[in-house]
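**Q** Dropping in start_4.txt, with compact mmCIF, C-alpha atoms.
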# COMPACT_ATOMS: atom_id res chain seq x y z
CA MET N 1 12.68 146.57 175.64
CA THR N 2 15.88 147.39 173.88
CA ALA N 3 15.50 149.76 171.00
CA ALA N 4 16.77 148.45 167.71
CA PRO N 5 19.58 150.45 166.17
CA PRO N 6 18.52 152.60 163.26
CA LEU N 7 19.15 151.26 159.78
CA VAL N 8 21.75 153.11 157.80
CA VAL N 9 21.19 153.09 154.08
CA VAL N 10 24.41 153.36 152.14
CA PRO N 11 24.03 154.54 148.54
CA ALA N 12 24.85 151.92 145.95
CA ALA N 13 27.31 154.27 144.33
CA PHE N 14 29.53 154.06 147.43
CA THR N 15 29.31 150.29 147.85
CA GLU N 16 30.41 149.42 144.35
CA GLU N 17 33.99 148.35 144.09
CA VAL N 18 36.05 150.26 141.65
CA GLN N 19 37.24 147.79 139.03
CA PRO N 20 40.63 148.50 137.55
CA ARG N 21 40.50 149.40 133.90
CA PRO N 22 42.05 146.73 131.72
CA LEU N 23 45.28 147.75 130.07
CA GLY N 24 45.37 148.03 126.32
CA GLN N 25 47.15 145.46 124.24
CA TRP N 26 49.94 147.92 123.42
CA ARG N 27 50.59 148.76 127.09
CA ARG N 28 50.67 145.06 127.99
CA LEU N 29 53.41 144.32 125.48
CA PRO N 30 56.98 144.01 126.81
CA VAL N 31 59.40 146.84 126.16
CA LYS N 32 61.39 144.69 123.72
CA ALA N 33 58.31 144.05 121.62
CA LYS N 34 57.44 147.75 121.56
CA ALA N 35 60.97 148.74 120.54
CA GLY N 36 61.07 146.08 117.83
CA ALA N 37 57.63 147.04 116.51
CA ILE N 38 58.54 150.74 116.35
CA LEU N 39 61.86 150.05 114.64
CA LEU N 40 60.27 147.68 112.14
CA GLY N 41 57.38 150.10 111.58
CA ILE N 42 59.82 152.80 110.50
CA PHE N 43 61.18 150.51 107.78
CA VAL N 44 57.68 149.45 106.72
CA LEU N 45 56.74 153.12 106.39
CA ALA N 46 59.91 153.76 104.37
CA ALA N 47 59.05 150.80 102.14
CA VAL N 48 55.52 152.10 101.52
CA ILE N 49 56.31 155.74 100.76
CA GLY N 50 59.99 155.44 99.87
CA PRO N 51 59.75 155.13 96.06
CA PHE N 52 57.29 158.05 95.96
CA VAL N 53 59.51 160.44 97.94
CA ALA N 54 62.81 159.37 96.39
CA PRO N 55 64.45 162.52 95.02
CA TYR N 56 65.91 160.84 91.90
CA ASP N 57 65.53 157.79 89.74
CA PRO N 58 67.73 155.14 91.42
CA ALA N 59 69.06 153.97 88.03
CA PHE N 60 69.75 157.44 86.62
CA GLN N 61 73.45 157.99 85.90
CA SER N 62 74.59 161.60 85.92
CA PRO N 63 76.58 162.69 82.85
CA ASP N 64 78.62 165.03 85.07
CA PRO N 65 81.83 163.15 86.03
CA SER N 66 82.29 165.39 89.08
CA LEU N 67 79.24 163.78 90.71
CA ALA N 68 80.82 160.30 90.67
CA LEU N 69 81.49 159.09 94.22
CA HIS N 70 80.41 162.46 95.58
CA ALA N 71 80.23 162.70 99.37
CA PRO N 72 76.91 163.50 101.07
CA SER N 73 75.72 167.02 100.34
CA ALA N 74 72.53 169.08 100.20
CA ALA N 75 71.75 167.83 96.68
CA HIS N 76 72.52 164.18 97.51
CA LEU N 77 71.92 163.52 101.22
CA LEU N 78 73.67 160.13 101.13
CA GLY N 79 76.12 160.85 98.36
CA THR N 80 76.40 159.24 94.95
CA THR N 81 77.77 156.03 93.47
CA GLU N 82 80.52 155.55 90.93
CA GLY N 83 78.05 156.29 88.14
CA GLY N 84 76.62 159.38 89.83
CA GLN N 85 73.47 157.60 91.03
CA ASP N 86 71.78 158.87 94.17
CA VAL N 87 72.35 156.49 97.12
CA LEU N 88 69.29 157.71 99.04
CA SER N 89 66.98 156.92 96.12
CA GLN N 90 68.50 153.45 95.81
CA LEU N 91 68.13 152.90 99.56
CA LEU N 92 64.44 153.87 99.67
CA THR N 93 63.69 151.63 96.70
CA GLY N 94 65.83 148.78 98.04
CA ILE N 95 64.09 148.73 101.43
CA ARG N 96 60.75 148.11 99.72
CA LEU N 97 62.04 145.28 97.54
CA THR N 98 63.87 143.57 100.42
CA LEU N 99 60.95 143.80 102.84
CA GLU N 100 58.48 142.71 100.18
CA LEU N 101 60.50 139.59 99.46
CA ALA N 102 61.02 138.80 103.14
CA LEU N 103 57.35 139.19 104.08
CA LEU N 104 56.19 137.00 101.20
CA VAL N 105 58.73 134.32 102.11
CA GLY N 106 57.67 134.54 105.75
CA ALA N 107 53.97 134.19 104.89
CA VAL N 108 54.43 131.22 102.55
CA ALA N 109 56.95 129.37 104.73
CA THR N 110 54.91 129.93 107.91
CA ALA N 111 51.75 128.66 106.22
CA LEU N 112 53.61 125.53 105.11
CA SER N 113 55.05 124.96 108.58
CA VAL N 114 51.63 125.31 110.24
CA ILE N 115 49.96 122.95 107.76
CA VAL N 116 52.67 120.31 108.04
CA GLY N 117 53.21 120.59 111.80
CA VAL N 118 49.56 120.62 112.85
CA THR N 119 48.57 117.84 110.42
CA ALA N 120 51.44 115.58 111.45
CA ALA N 121 50.83 115.95 115.20
CA PHE N 122 47.03 115.74 115.17
CA LEU N 123 46.59 112.88 112.72
CA GLY N 124 49.54 110.82 113.98
CA GLY N 125 50.33 107.36 112.68
CA LEU N 126 51.68 107.12 109.13
CA TRP N 127 50.93 110.79 108.45
CA ASP N 128 53.12 111.84 111.37
CA GLU N 129 55.95 109.54 110.35
CA PHE N 130 55.85 110.63 106.70
CA LEU N 131 55.65 114.37 107.35
CA SER N 132 58.29 114.16 110.07
CA LEU N 133 60.57 112.31 107.66
CA VAL N 134 60.12 115.04 105.04
CA SER N 135 60.84 117.74 107.63
CA ASN N 136 63.98 115.94 108.84
CA VAL N 137 65.25 115.55 105.27
CA PHE N 138 64.92 119.30 104.65
CA LEU N 139 66.50 120.07 108.03
CA VAL N 140 69.72 118.16 107.36
CA ILE N 141 70.22 119.73 103.92
CA PRO N 142 72.56 122.75 104.15
CA SER N 143 70.39 125.65 103.06
CA LEU N 144 72.92 128.16 101.74
CA PRO N 145 74.83 125.78 99.43
CA LEU N 146 71.53 124.44 98.08
CA LEU N 147 70.28 127.98 97.50
CA ILE N 148 73.46 128.83 95.62
CA LEU N 149 73.15 125.71 93.45
CA LEU N 150 69.46 126.23 92.68
CA LEU N 151 69.68 129.92 91.89
CA GLY N 152 72.94 129.41 90.00
CA TYR N 153 71.47 126.87 87.57
CA LEU N 154 67.93 128.23 87.20
CA PRO N 155 67.47 130.21 83.97
CA GLN N 156 65.58 133.02 85.74
CA LYS N 157 66.90 134.86 88.80
CA GLY N 158 64.07 137.25 89.48
CA GLN N 159 62.11 138.02 92.63
CA THR N 160 59.62 135.19 92.13
CA THR N 161 62.31 132.53 91.81
CA THR N 162 64.05 133.69 94.98
CA ILE N 163 60.76 133.69 96.92
CA ILE N 164 59.93 130.14 95.80
CA VAL N 165 63.36 128.76 96.67
CA LEU N 166 63.56 130.51 100.07
CA SER N 167 60.02 129.44 100.97
CA ALA N 168 60.70 125.83 100.03
CA LEU N 169 63.71 125.73 102.35
CA GLY N 170 62.46 127.91 105.22
CA TRP N 171 59.52 125.93 106.65
CA PRO N 172 61.01 122.82 108.42
CA TRP N 173 62.12 124.53 111.67
CA GLY N 174 58.73 126.10 112.21
CA ALA N 175 56.99 122.82 111.38
CA ARG N 176 58.92 120.99 114.10
CA VAL N 177 58.03 123.59 116.73
CA VAL N 178 54.36 123.69 115.72
CA ARG N 179 54.21 119.87 115.75
CA ALA N 180 55.56 119.73 119.31
CA GLN N 181 53.05 122.33 120.50
CA THR N 182 50.16 120.57 118.76
CA MET N 183 51.06 117.26 120.40
CA ALA N 184 50.84 119.01 123.80
CA ILE N 185 47.42 120.50 122.97
CA ARG N 186 45.67 117.61 121.23
CA GLY N 187 45.14 115.67 124.48
CA ARG N 188 43.41 118.47 126.38
CA ASP N 189 39.79 118.42 127.45
CA PHE N 190 38.42 120.98 125.00
CA VAL N 191 39.79 119.01 122.04
CA ALA N 192 38.24 115.79 123.39
CA ALA N 193 34.93 117.62 123.90
CA ALA N 194 35.01 118.86 120.31
CA ARG N 195 35.56 115.31 119.11
CA GLU N 196 32.65 114.01 121.19
CA THR N 197 30.30 116.62 119.76
CA GLY N 198 31.03 115.36 116.26
CA GLU N 199 33.22 118.21 115.00
CA SER N 200 35.16 117.45 111.84
CA THR N 201 38.91 117.06 112.00
CA TRP N 202 39.66 120.13 109.92
CA ARG N 203 37.32 122.30 112.00
CA ILE N 204 39.02 121.15 115.20
CA LEU N 205 42.37 122.05 113.69
CA ALA N 206 41.24 125.46 112.45
CA VAL N 207 39.07 126.52 115.42
CA GLU N 208 40.37 124.70 118.49
CA ILE N 209 44.10 124.11 117.98
CA VAL N 210 45.57 126.77 115.68
CA PRO N 211 44.15 129.77 117.65
CA ASN N 212 45.94 128.45 120.76
CA GLU N 213 49.25 128.63 118.89
CA ILE N 214 49.02 132.21 117.62
CA SER N 215 51.97 133.50 119.65
CA LEU N 216 54.12 130.57 118.53
CA ILE N 217 53.11 131.04 114.89
CA ALA N 218 53.83 134.78 115.11
CA ALA N 219 57.29 134.09 116.51
CA SER N 220 57.91 131.55 113.72
CA PHE N 221 56.82 134.14 111.14
CA VAL N 222 59.20 136.76 112.53
CA ASN N 223 62.07 134.24 112.53
CA THR N 224 61.35 133.30 108.92
CA VAL N 225 61.26 136.95 107.83
CA LEU N 226 64.63 137.47 109.51
CA TYR N 227 66.01 134.39 107.73
CA ALA N 228 64.65 135.63 104.40
CA ILE N 229 66.24 139.07 104.77
CA GLY N 230 69.65 137.62 105.57
CA ALA N 231 69.49 134.96 102.83
CA SER N 232 68.26 137.34 100.12
CA VAL N 233 70.91 139.94 100.93
CA ALA N 234 73.63 137.27 100.95
CA LEU N 235 72.48 135.83 97.62
CA ALA N 236 72.35 139.25 95.99
CA PHE N 237 75.75 140.15 97.43
CA ILE N 238 77.38 137.20 95.66
CA GLY N 239 75.53 137.97 92.42
CA LEU N 240 72.83 135.26 92.48
CA ALA N 241 69.89 137.65 92.19
CA ASP N 242 68.38 140.01 89.66
CA LEU N 243 71.01 142.72 89.64
CA SER N 244 68.87 145.02 87.48
CA SER N 245 66.46 145.62 90.41
CA TRP N 246 67.47 147.72 93.38
CA SER N 247 67.51 145.94 96.71
CA LEU N 248 69.77 146.26 99.73
CA GLY N 249 71.71 143.22 98.56
CA THR N 250 72.30 144.60 95.05
CA MET N 251 73.47 147.89 96.55
CA LEU N 252 76.08 146.00 98.56
CA TYR N 253 77.00 143.97 95.46
CA TRP N 254 77.67 147.03 93.28
CA SER N 255 79.57 148.83 96.04
CA GLN N 256 81.78 145.78 96.55
CA SER N 257 82.31 145.41 92.80
CA ALA N 258 83.38 149.04 92.54
CA GLN N 259 85.72 148.67 95.55
CA ALA N 260 83.95 151.35 97.54
CA LEU N 261 85.68 150.26 100.74
CA GLN N 262 89.15 150.72 99.23
CA LEU N 263 88.14 154.07 97.75
CA GLY N 264 86.80 155.32 101.08
CA ALA N 265 83.25 155.79 99.76
CA TRP N 266 81.63 154.76 103.03
CA TRP N 267 78.33 156.43 102.12
CA TRP N 268 77.78 153.80 99.43
CA PHE N 269 77.87 150.62 101.55
CA VAL N 270 77.18 151.83 105.12
CA PRO N 271 73.50 152.87 104.59
CA PRO N 272 72.34 149.51 103.13
CA GLY N 273 74.41 147.54 105.62
CA LEU N 274 73.06 149.60 108.52
CA ALA N 275 69.49 149.19 107.22
CA VAL N 276 69.89 145.39 107.15
CA ALA N 277 71.35 145.42 110.68
CA LEU N 278 68.56 147.60 112.08
CA MET N 279 65.85 145.51 110.42
CA GLY N 280 67.39 142.40 111.92
CA THR N 281 67.59 144.08 115.33
CA GLY N 282 63.95 145.10 115.16
CA LEU N 283 62.87 141.58 114.22
CA VAL N 284 64.94 140.00 117.02
CA LEU N 285 63.49 142.41 119.61
CA LEU N 286 59.98 141.77 118.32
CA ASN N 287 60.48 138.01 118.41
CA THR N 288 61.86 138.13 121.96
CA GLY N 289 58.97 140.31 123.06
CA ILE N 290 56.38 138.00 121.48
CA ASP N 291 57.98 135.02 123.20
CA GLU N 292 57.95 136.86 126.53
CA PHE N 293 54.33 137.95 126.03
CA GLY N 294 53.16 134.44 125.21
CA ASN N 295 55.17 132.65 127.93
CA PRO N 296 53.94 133.46 131.47
CA ARG N 297 57.24 132.36 133.06
CA LEU N 298 59.29 134.74 130.94
CA ARG N 299 56.73 137.50 131.48
CA ASP N 300 56.87 137.14 135.28
CA ALA N 301 60.67 136.83 135.28
CA ALA N 302 60.95 140.23 133.59
CA ARG N 303 59.21 141.97 136.49
CA ALA N 304 61.31 143.16 139.40
CA VAL N 305 60.30 144.45 142.83
CA ARG N 306 62.55 146.77 144.81
CA ILE N 307 62.89 145.63 148.44
CA GLY N 308 65.45 147.09 150.77
CA GLY N 309 67.18 149.00 148.00
CA ARG N 310 67.63 145.89 145.84
CA LYS N 311 65.81 144.71 142.73
CA LEU N 312 64.41 141.23 143.35
CA TYR N 313 63.02 139.05 140.57
CA PRO N 314 60.45 136.26 141.04
CA ALA N 315 63.16 133.66 140.43
CA ASP N 316 65.34 135.02 143.26
CA PRO N 317 65.21 133.53 146.81
CA THR N 318 62.67 135.06 149.16
CA PRO N 319 64.33 137.93 151.03
CA VAL N 320 64.52 137.84 154.83
CA TRP N 321 63.67 141.11 156.50
CA GLN N 322 66.17 142.24 159.15
CA PRO N 323 64.75 144.84 161.58
CA GLY N 324 66.86 147.93 161.77
CA ALA N 325 68.73 147.24 158.54
CA GLN N 326 68.68 150.36 156.39
CA PRO N 327 69.43 150.31 152.68
CA ARG N 328 72.72 151.88 151.76
CA SER N 329 73.85 153.47 148.55
CA GLY N 330 76.87 152.23 146.62
CA LEU N 331 79.21 154.66 148.40
CA GLY N 332 77.64 153.78 151.75
CA ARG N 333 78.23 150.06 151.20
CA LEU N 334 81.86 150.77 150.26
CA LEU N 335 82.50 152.81 153.41
CA HIS N 336 80.67 150.27 155.56
CA SER N 337 82.94 147.47 154.32
CA PHE N 338 85.94 149.18 156.00
CA SER N 339 84.23 149.67 159.37
CA ARG N 340 84.20 147.39 162.42
CA ALA N 341 80.44 147.02 162.11
CA SER N 342 80.95 145.09 158.88
CA LEU N 343 83.00 142.50 160.82
CA ALA N 344 80.17 142.16 163.32
CA ASP N 345 77.68 141.67 160.48
CA ARG N 346 79.83 138.93 158.97
CA GLY N 347 80.21 137.22 162.32
CA THR N 348 76.46 137.34 162.97
CA ALA N 349 75.78 135.92 159.52
CA ALA N 350 78.28 133.11 160.12
CA GLY N 351 76.84 132.31 163.56
CA GLY N 352 79.98 133.30 165.46
CA ARG N 353 80.95 136.08 167.89
CA VAL N 354 83.25 138.99 167.32
CA SER N 355 85.20 140.19 170.37
As structure tokens, please, write out the structure in this file.

**A**
Amino acid sequence: MTAAPPLVVVPAAFTEEVQPRPLGQWRRLPVKAKAGAILLGIFVLAAVIGPFVAPYDPAFQSPDPSLALHAPSAAHLLGTTEGGQDVLSQLLTGIRLTLELALLVGAVATALSVIVGVTAAFLGGLWDEFLSLVSNVFLVIPSLPLLILLLGYLPQKGQTTTIIVLSALGWPWGARVVRAQTMAIRGRDFVAAARETGESTWRILAVEIVPNEISLIAASFVNTVLYAIGASVALAFIGLADLSSWSLGTMLYWSQSAQALQLGAWWWFVPPGLAVALMGTGLVLLNTGIDEFGNPRLRDAARAVRIGGRKLYPADPTPVWQPGAQPRSGLGRLLHSFSRASLADRGTAAGGRVS
């Protein structure tokens, strides 16, 4: 008889496979989204605490004429205006007012675009034709001239009026994109299953369709906020806003009216202009990162693998490994191009012979 081999008991602790820990949401975000979120977060923080840490009243005019158009100093870190007002205090207050307006416009316009786009695509028929017609009418209307006409003839030019007008003209682009995405989703199996189980139309829209469009809605919101910042600053710069309140646009308006550029008072118009540019940059980076995070093709295309000293992206052709080929540095490739071996390599690649 052949003796049976002894049984070896392996502890369960050693047989368990080590599962990789899932990455956090922040670590999974693309670098562009992180940079945009950090940059935008700095301005949000400045908007929240800015008016409380402002060293002076932004509207206070100094009676001392020597402080008019004073260059940056220890007392006034960003200098003063023509009336002796502190530019830093105006900037901290203006960031809050500009961001507040832009976020409200983005929220209202995005809500309108989601309601119109999802309703038109899911209901179809006459609803789709009517809502699409309304969206197309608003799309072909030039926004800036209409904004100038509306705000120029309205009796009140405060913050509320600007928010209403910008929101009424900022939703059509997002509605078209949401409508197209909803039309691609409404024919899927989970939507058909929800219909068969007797779910109401509005519950299907709110629970089944809209959550699958979160990344698209977030990108639309960021785009609308960017549009609102640019439009509000442009309207204030040409004087079609409440000039008694301090925003980045009114700062640029008063500096232009006082000919700060001709006087060389760069500290008056550079800070608000730079703040607008950096806010726009942060929003563009955040929007690009959200699009890359929500689109698997863009997310995979951003990853590169180094093979043979070269960075290869998923969209590149599959590399062919050549035995004996060693990666060369930039100087090595330059020196190799002048050698006879480079002629042999070219001839081998072309299928010929080099004598």

**Q** So which one's closest to N:Trp171, N:Ser220, N:Ser200, N:Leu133, N:Gln159? Using all atoms listed in the file, please.

**A**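 Nearest candidate to N:Trp171 out of N:Ser220, N:Ser200, N:Leu133, N:Gln159: N:Ser220.
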
**Q** To one decimal place in Å, what is the distance between atom CA of N:Met183 and atom CA of N:Asp291?

**A**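 About the pair atom CA of N:Met183 and atom CA of N:Asp291: they are 19.3 Å apart.
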
**Q** Check the smallest atom-to-atom distance from each of N:Leu205, N:Val233, N:Val178, N:Ala219 to N:Leu166 using all atoms listed in the file, then report the winner.

**A**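 Checking each of N:Leu205, N:Val233, N:Val178, N:Ala219 against N:Leu166, counting all atoms listed in the file, the winner is N:Val233.
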
**Q** So the first atom is atom CA of N:Leu285 and the second is atom CA of N:Leu103; what is the distance between them in Å, to one decimal place?

**A**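 Between atom CA of N:Leu285 and atom CA of N:Leu103 the gap works out to 17.0 Å.
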
**Q** Using all atoms listed in the file, pick whichever of N:Val53, N:Val134, N:Ala236, N:Ile164 has the shortest atom-to-atom distance to N:Gln90.

**A**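 For N:Gln90, the nearest of the given residues is N:Val53.
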
**Q** Near N:Val116, counting all atoms listed in the file, which residues have an atom at most 12 Å away, once you skip same-chain residues fewer than 5 positions from it, shown as a PyMOL selection string?

**A** chain N and resi 109-111+121-124+127-135+171-180+182+205

**Q** Could you save the residues just selected, with C-alpha atoms, as a PDB file, in the frame of the given file?

**A**
ATOM      1  CA  ALA N 109      56.950 129.370 104.730  1.00  0.00           C
ATOM      2  CA  THR N 110      54.910 129.930 107.910  1.00  0.00           C
ATOM      3  CA  ALA N 111      51.750 128.660 106.220  1.00  0.00           C
ATOM      4  CA  ALA N 121      50.830 115.950 115.200  1.00  0.00           C
ATOM      5  CA  PHE N 122      47.030 115.740 115.170  1.00  0.00           C
ATOM      6  CA  LEU N 123      46.590 112.880 112.720  1.00  0.00           C
ATOM      7  CA  GLY N 124      49.540 110.820 113.980  1.00  0.00           C
ATOM      8  CA  TRP N 127      50.930 110.790 108.450  1.00  0.00           C
ATOM      9  CA  ASP N 128      53.120 111.840 111.370  1.00  0.00           C
ATOM     10  CA  GLU N 129      55.950 109.540 110.350  1.00  0.00           C
ATOM     11  CA  PHE N 130      55.850 110.630 106.700  1.00  0.00           C
ATOM     12  CA  LEU N 131      55.650 114.370 107.350  1.00  0.00           C
ATOM     13  CA  SER N 132      58.290 114.160 110.070  1.00  0.00           C
ATOM     14  CA  LEU N 133      60.570 112.310 107.660  1.00  0.00           C
ATOM     15  CA  VAL N 134      60.120 115.040 105.040  1.00  0.00           C
ATOM     16  CA  SER N 135      60.840 117.740 107.630  1.00  0.00           C
ATOM     17  CA  TRP N 171      59.520 125.930 106.650  1.00  0.00           C
ATOM     18  CA  PRO N 172      61.010 122.820 108.420  1.00  0.00           C
ATOM     19  CA  TRP N 173      62.120 124.530 111.670  1.00  0.00           C
ATOM     20  CA  GLY N 174      58.730 126.100 112.210  1.00  0.00           C
ATOM     21  CA  ALA N 175      56.990 122.820 111.380  1.00  0.00           C
ATOM     22  CA  ARG N 176      58.920 120.990 114.100  1.00  0.00           C
ATOM     23  CA  VAL N 177      58.030 123.590 116.730  1.00  0.00           C
ATOM     24  CA  VAL N 178      54.360 123.690 115.720  1.00  0.00           C
ATOM     25  CA  ARG N 179      54.210 119.870 115.750  1.00  0.00           C
ATOM     26  CA  ALA N 180      55.560 119.730 119.310  1.00  0.00           C
ATOM     27  CA  THR N 182      50.160 120.570 118.760  1.00  0.00           C
ATOM     28  CA  LEU N 205      42.370 122.050 113.690  1.00  0.00           C
TER      29      LEU N 205
END

**Q** If we count all atoms listed in the file, what is near N:Leu147 at a cut-off of 9 Å, once residues fewer than 5 positions away on the same chain are taken out, given as a ChimeraX atom specification?

**A** /N:142,152,162,165-166,169,231,235

**Q** Please list as a PDB file with C-alpha atoms, in the frame of the given file every residue within 12 Å of N:Val222, counting all atoms listed in the file and excluding residues in the same chain fewer than 2 positions away.

**A**
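Here's the written file part-v5.pdb:
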ATOM      1  CA  ALA N  33      58.310 144.050 121.620  1.00  0.00           C
ATOM      2  CA  GLY N  36      61.070 146.080 117.830  1.00  0.00           C
ATOM      3  CA  ALA N  37      57.630 147.040 116.510  1.00  0.00           C
ATOM      4  CA  LEU N  40      60.270 147.680 112.140  1.00  0.00           C
ATOM      5  CA  ALA N 102      61.020 138.800 103.140  1.00  0.00           C
ATOM      6  CA  LEU N 103      57.350 139.190 104.080  1.00  0.00           C
ATOM      7  CA  LEU N 104      56.190 137.000 101.200  1.00  0.00           C
ATOM      8  CA  VAL N 105      58.730 134.320 102.110  1.00  0.00           C
ATOM      9  CA  GLY N 106      57.670 134.540 105.750  1.00  0.00           C
ATOM     10  CA  ALA N 107      53.970 134.190 104.890  1.00  0.00           C
ATOM     11  CA  ALA N 109      56.950 129.370 104.730  1.00  0.00           C
ATOM     12  CA  THR N 110      54.910 129.930 107.910  1.00  0.00           C
ATOM     13  CA  GLY N 170      62.460 127.910 105.220  1.00  0.00           C
ATOM     14  CA  GLY N 174      58.730 126.100 112.210  1.00  0.00           C
ATOM     15  CA  SER N 215      51.970 133.500 119.650  1.00  0.00           C
ATOM     16  CA  LEU N 216      54.120 130.570 118.530  1.00  0.00           C
ATOM     17  CA  ILE N 217      53.110 131.040 114.890  1.00  0.00           C
ATOM     18  CA  ALA N 218      53.830 134.780 115.110  1.00  0.00           C
ATOM     19  CA  ALA N 219      57.290 134.090 116.510  1.00  0.00           C
ATOM     20  CA  SER N 220      57.910 131.550 113.720  1.00  0.00           C
ATOM     21  CA  THR N 224      61.350 133.300 108.920  1.00  0.00           C
ATOM     22  CA  VAL N 225      61.260 136.950 107.830  1.00  0.00           C
ATOM     23  CA  LEU N 226      64.630 137.470 109.510  1.00  0.00           C
ATOM     24  CA  TYR N 227      66.010 134.390 107.730  1.00  0.00           C
ATOM     25  CA  ALA N 228      64.650 135.630 104.400  1.00  0.00           C
ATOM     26  CA  ILE N 229      66.240 139.070 104.770  1.00  0.00           C
ATOM     27  CA  MET N 279      65.850 145.510 110.420  1.00  0.00           C
ATOM     28  CA  GLY N 280      67.390 142.400 111.920  1.00  0.00           C
ATOM     29  CA  THR N 281      67.590 144.080 115.330  1.00  0.00           C
ATOM     30  CA  GLY N 282      63.950 145.100 115.160  1.00  0.00           C
ATOM     31  CA  LEU N 283      62.870 141.580 114.220  1.00  0.00           C
ATOM     32  CA  VAL N 284      64.940 140.000 117.020  1.00  0.00           C
ATOM     33  CA  LEU N 285      63.490 142.410 119.610  1.00  0.00           C
ATOM     34  CA  LEU N 286      59.980 141.770 118.320  1.00  0.00           C
ATOM     35  CA  ASN N 287      60.480 138.010 118.410  1.00  0.00           C
ATOM     36  CA  THR N 288      61.860 138.130 121.960  1.00  0.00           C
ATOM     37  CA  GLY N 289      58.970 140.310 123.060  1.00  0.00           C
ATOM     38  CA  ILE N 290      56.380 138.000 121.480  1.00  0.00           C
ATOM     39  CA  ASP N 291      57.980 135.020 123.200  1.00  0.00           C
TER      40      ASP N 291
END

**Q** Could the residues of stretch 159-271 of chain N that have an atom at most 7 Å from stretch 60-81 of chain N be listed as a tab-separated table, each with its closest atom pair and the distance in Å to one decimal, counting all atoms listed in the file and ordered by chain and ascending residue number?

**A**
residue	atom	partner	partner_atom	distance
N:Ala265	CA	N:Leu69	CA	6.7
N:Trp267	CA	N:Leu78	CA	6.0
N:Trp268	CA	N:Thr81	CA	6.4

**Q** Report, in Å to a single decimal, how far apart atom CA of N:Ser167 and atom CA of N:Val108 are.

**A** 6.1 Å

**Q** Restrict the calculation to all atoms listed in the file, then for each residue of stretch 67-98 of chain N with any atom at most 12 Å from an atom of stretch 241-251 of chain N give the closest atom pair and their distance in Å to one decimal, rows by chain and rising residue number, as JSON lines.

**A**
{"residue": "N:Thr80", "atom": "CA", "partner": "N:Met251", "partner_atom": "CA", "distance": 11.8}
{"residue": "N:Thr81", "atom": "CA", "partner": "N:Met251", "partner_atom": "CA", "distance": 9.7}
{"residue": "N:Glu82", "atom": "CA", "partner": "N:Met251", "partner_atom": "CA", "distance": 11.8}
{"residue": "N:Gln85", "atom": "CA", "partner": "N:Met251", "partner_atom": "CA", "distance": 11.2}
{"residue": "N:Asp86", "atom": "CA", "partner": "N:Met251", "partner_atom": "CA", "distance": 11.4}
{"residue": "N:Val87", "atom": "CA", "partner": "N:Met251", "partner_atom": "CA", "distance": 8.7}
{"residue": "N:Leu88", "atom": "CA", "partner": "N:Met251", "partner_atom": "CA", "distance": 11.0}
{"residue": "N:Ser89", "atom": "CA", "partner": "N:Trp246", "partner_atom": "CA", "distance": 9.6}
{"residue": "N:Gln90", "atom": "CA", "partner": "N:Trp246", "partner_atom": "CA", "distance": 6.3}
{"residue": "N:Leu91", "atom": "CA", "partner": "N:Leu248", "partner_atom": "CA", "distance": 6.8}
{"residue": "N:Leu92", "atom": "CA", "partner": "N:Ser247", "partner_atom": "CA", "distance": 9.0}
{"residue": "N:Thr93", "atom": "CA", "partner": "N:Trp246", "partner_atom": "CA", "distance": 6.4}
{"residue": "N:Gly94", "atom": "CA", "partner": "N:Ser247", "partner_atom": "CA", "distance": 3.6}
{"residue": "N:Ile95", "atom": "CA", "partner": "N:Leu248", "partner_atom": "CA", "distance": 6.4}
{"residue": "N:Arg96", "atom": "CA", "partner": "N:Ser247", "partner_atom": "CA", "distance": 7.7}
{"residue": "N:Leu97", "atom": "CA", "partner": "N:Ser247", "partner_atom": "CA", "distance": 5.6}
{"residue": "N:Thr98", "atom": "CA", "partner": "N:Ser247", "partner_atom": "CA", "distance": 5.7}

**Q** With only C-alpha atoms as the basis for distance, which of N:Leu252, N:Ser257, N:Arg203, N:Ile141 is at the shortest distance from N:Phe269?

**A**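 With only C-alpha atoms as the atom set, the closest residue is N:Leu252.
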
**Q** Output requested as a PDB file, in the frame of the given file - stretch 199-203 of chain N, filled out with N, CA, C and O atoms.

**A**
ATOM      1  N   GLU N 199      32.536 117.236 115.853  1.00  0.00           N
ATOM      2  CA  GLU N 199      33.220 118.210 115.000  1.00  0.00           C
ATOM      3  C   GLU N 199      34.156 117.497 114.039  1.00  0.00           C
ATOM      4  O   GLU N 199      34.795 116.498 114.399  1.00  0.00           O
ATOM      5  N   SER N 200      34.246 118.034 112.823  1.00  0.00           N
ATOM      6  CA  SER N 200      35.160 117.450 111.840  1.00  0.00           C
ATOM      7  C   SER N 200      36.597 117.733 112.215  1.00  0.00           C
ATOM      8  O   SER N 200      36.904 118.657 112.977  1.00  0.00           O
ATOM      9  N   THR N 201      37.491 116.920 111.661  1.00  0.00           N
ATOM     10  CA  THR N 201      38.910 117.060 112.000  1.00  0.00           C
ATOM     11  C   THR N 201      39.459 118.417 111.593  1.00  0.00           C
ATOM     12  O   THR N 201      40.187 119.070 112.356  1.00  0.00           O
ATOM     13  N   TRP N 202      39.103 118.869 110.398  1.00  0.00           N
ATOM     14  CA  TRP N 202      39.660 120.130 109.920  1.00  0.00           C
ATOM     15  C   TRP N 202      39.103 121.317 110.702  1.00  0.00           C
ATOM     16  O   TRP N 202      39.792 122.311 110.907  1.00  0.00           O
ATOM     17  N   ARG N 203      37.852 121.211 111.186  1.00  0.00           N
ATOM     18  CA  ARG N 203      37.320 122.300 112.000  1.00  0.00           C
ATOM     19  C   ARG N 203      37.982 122.335 113.369  1.00  0.00           C
ATOM     20  O   ARG N 203      38.216 123.414 113.938  1.00  0.00           O
TER      21      ARG N 203
END
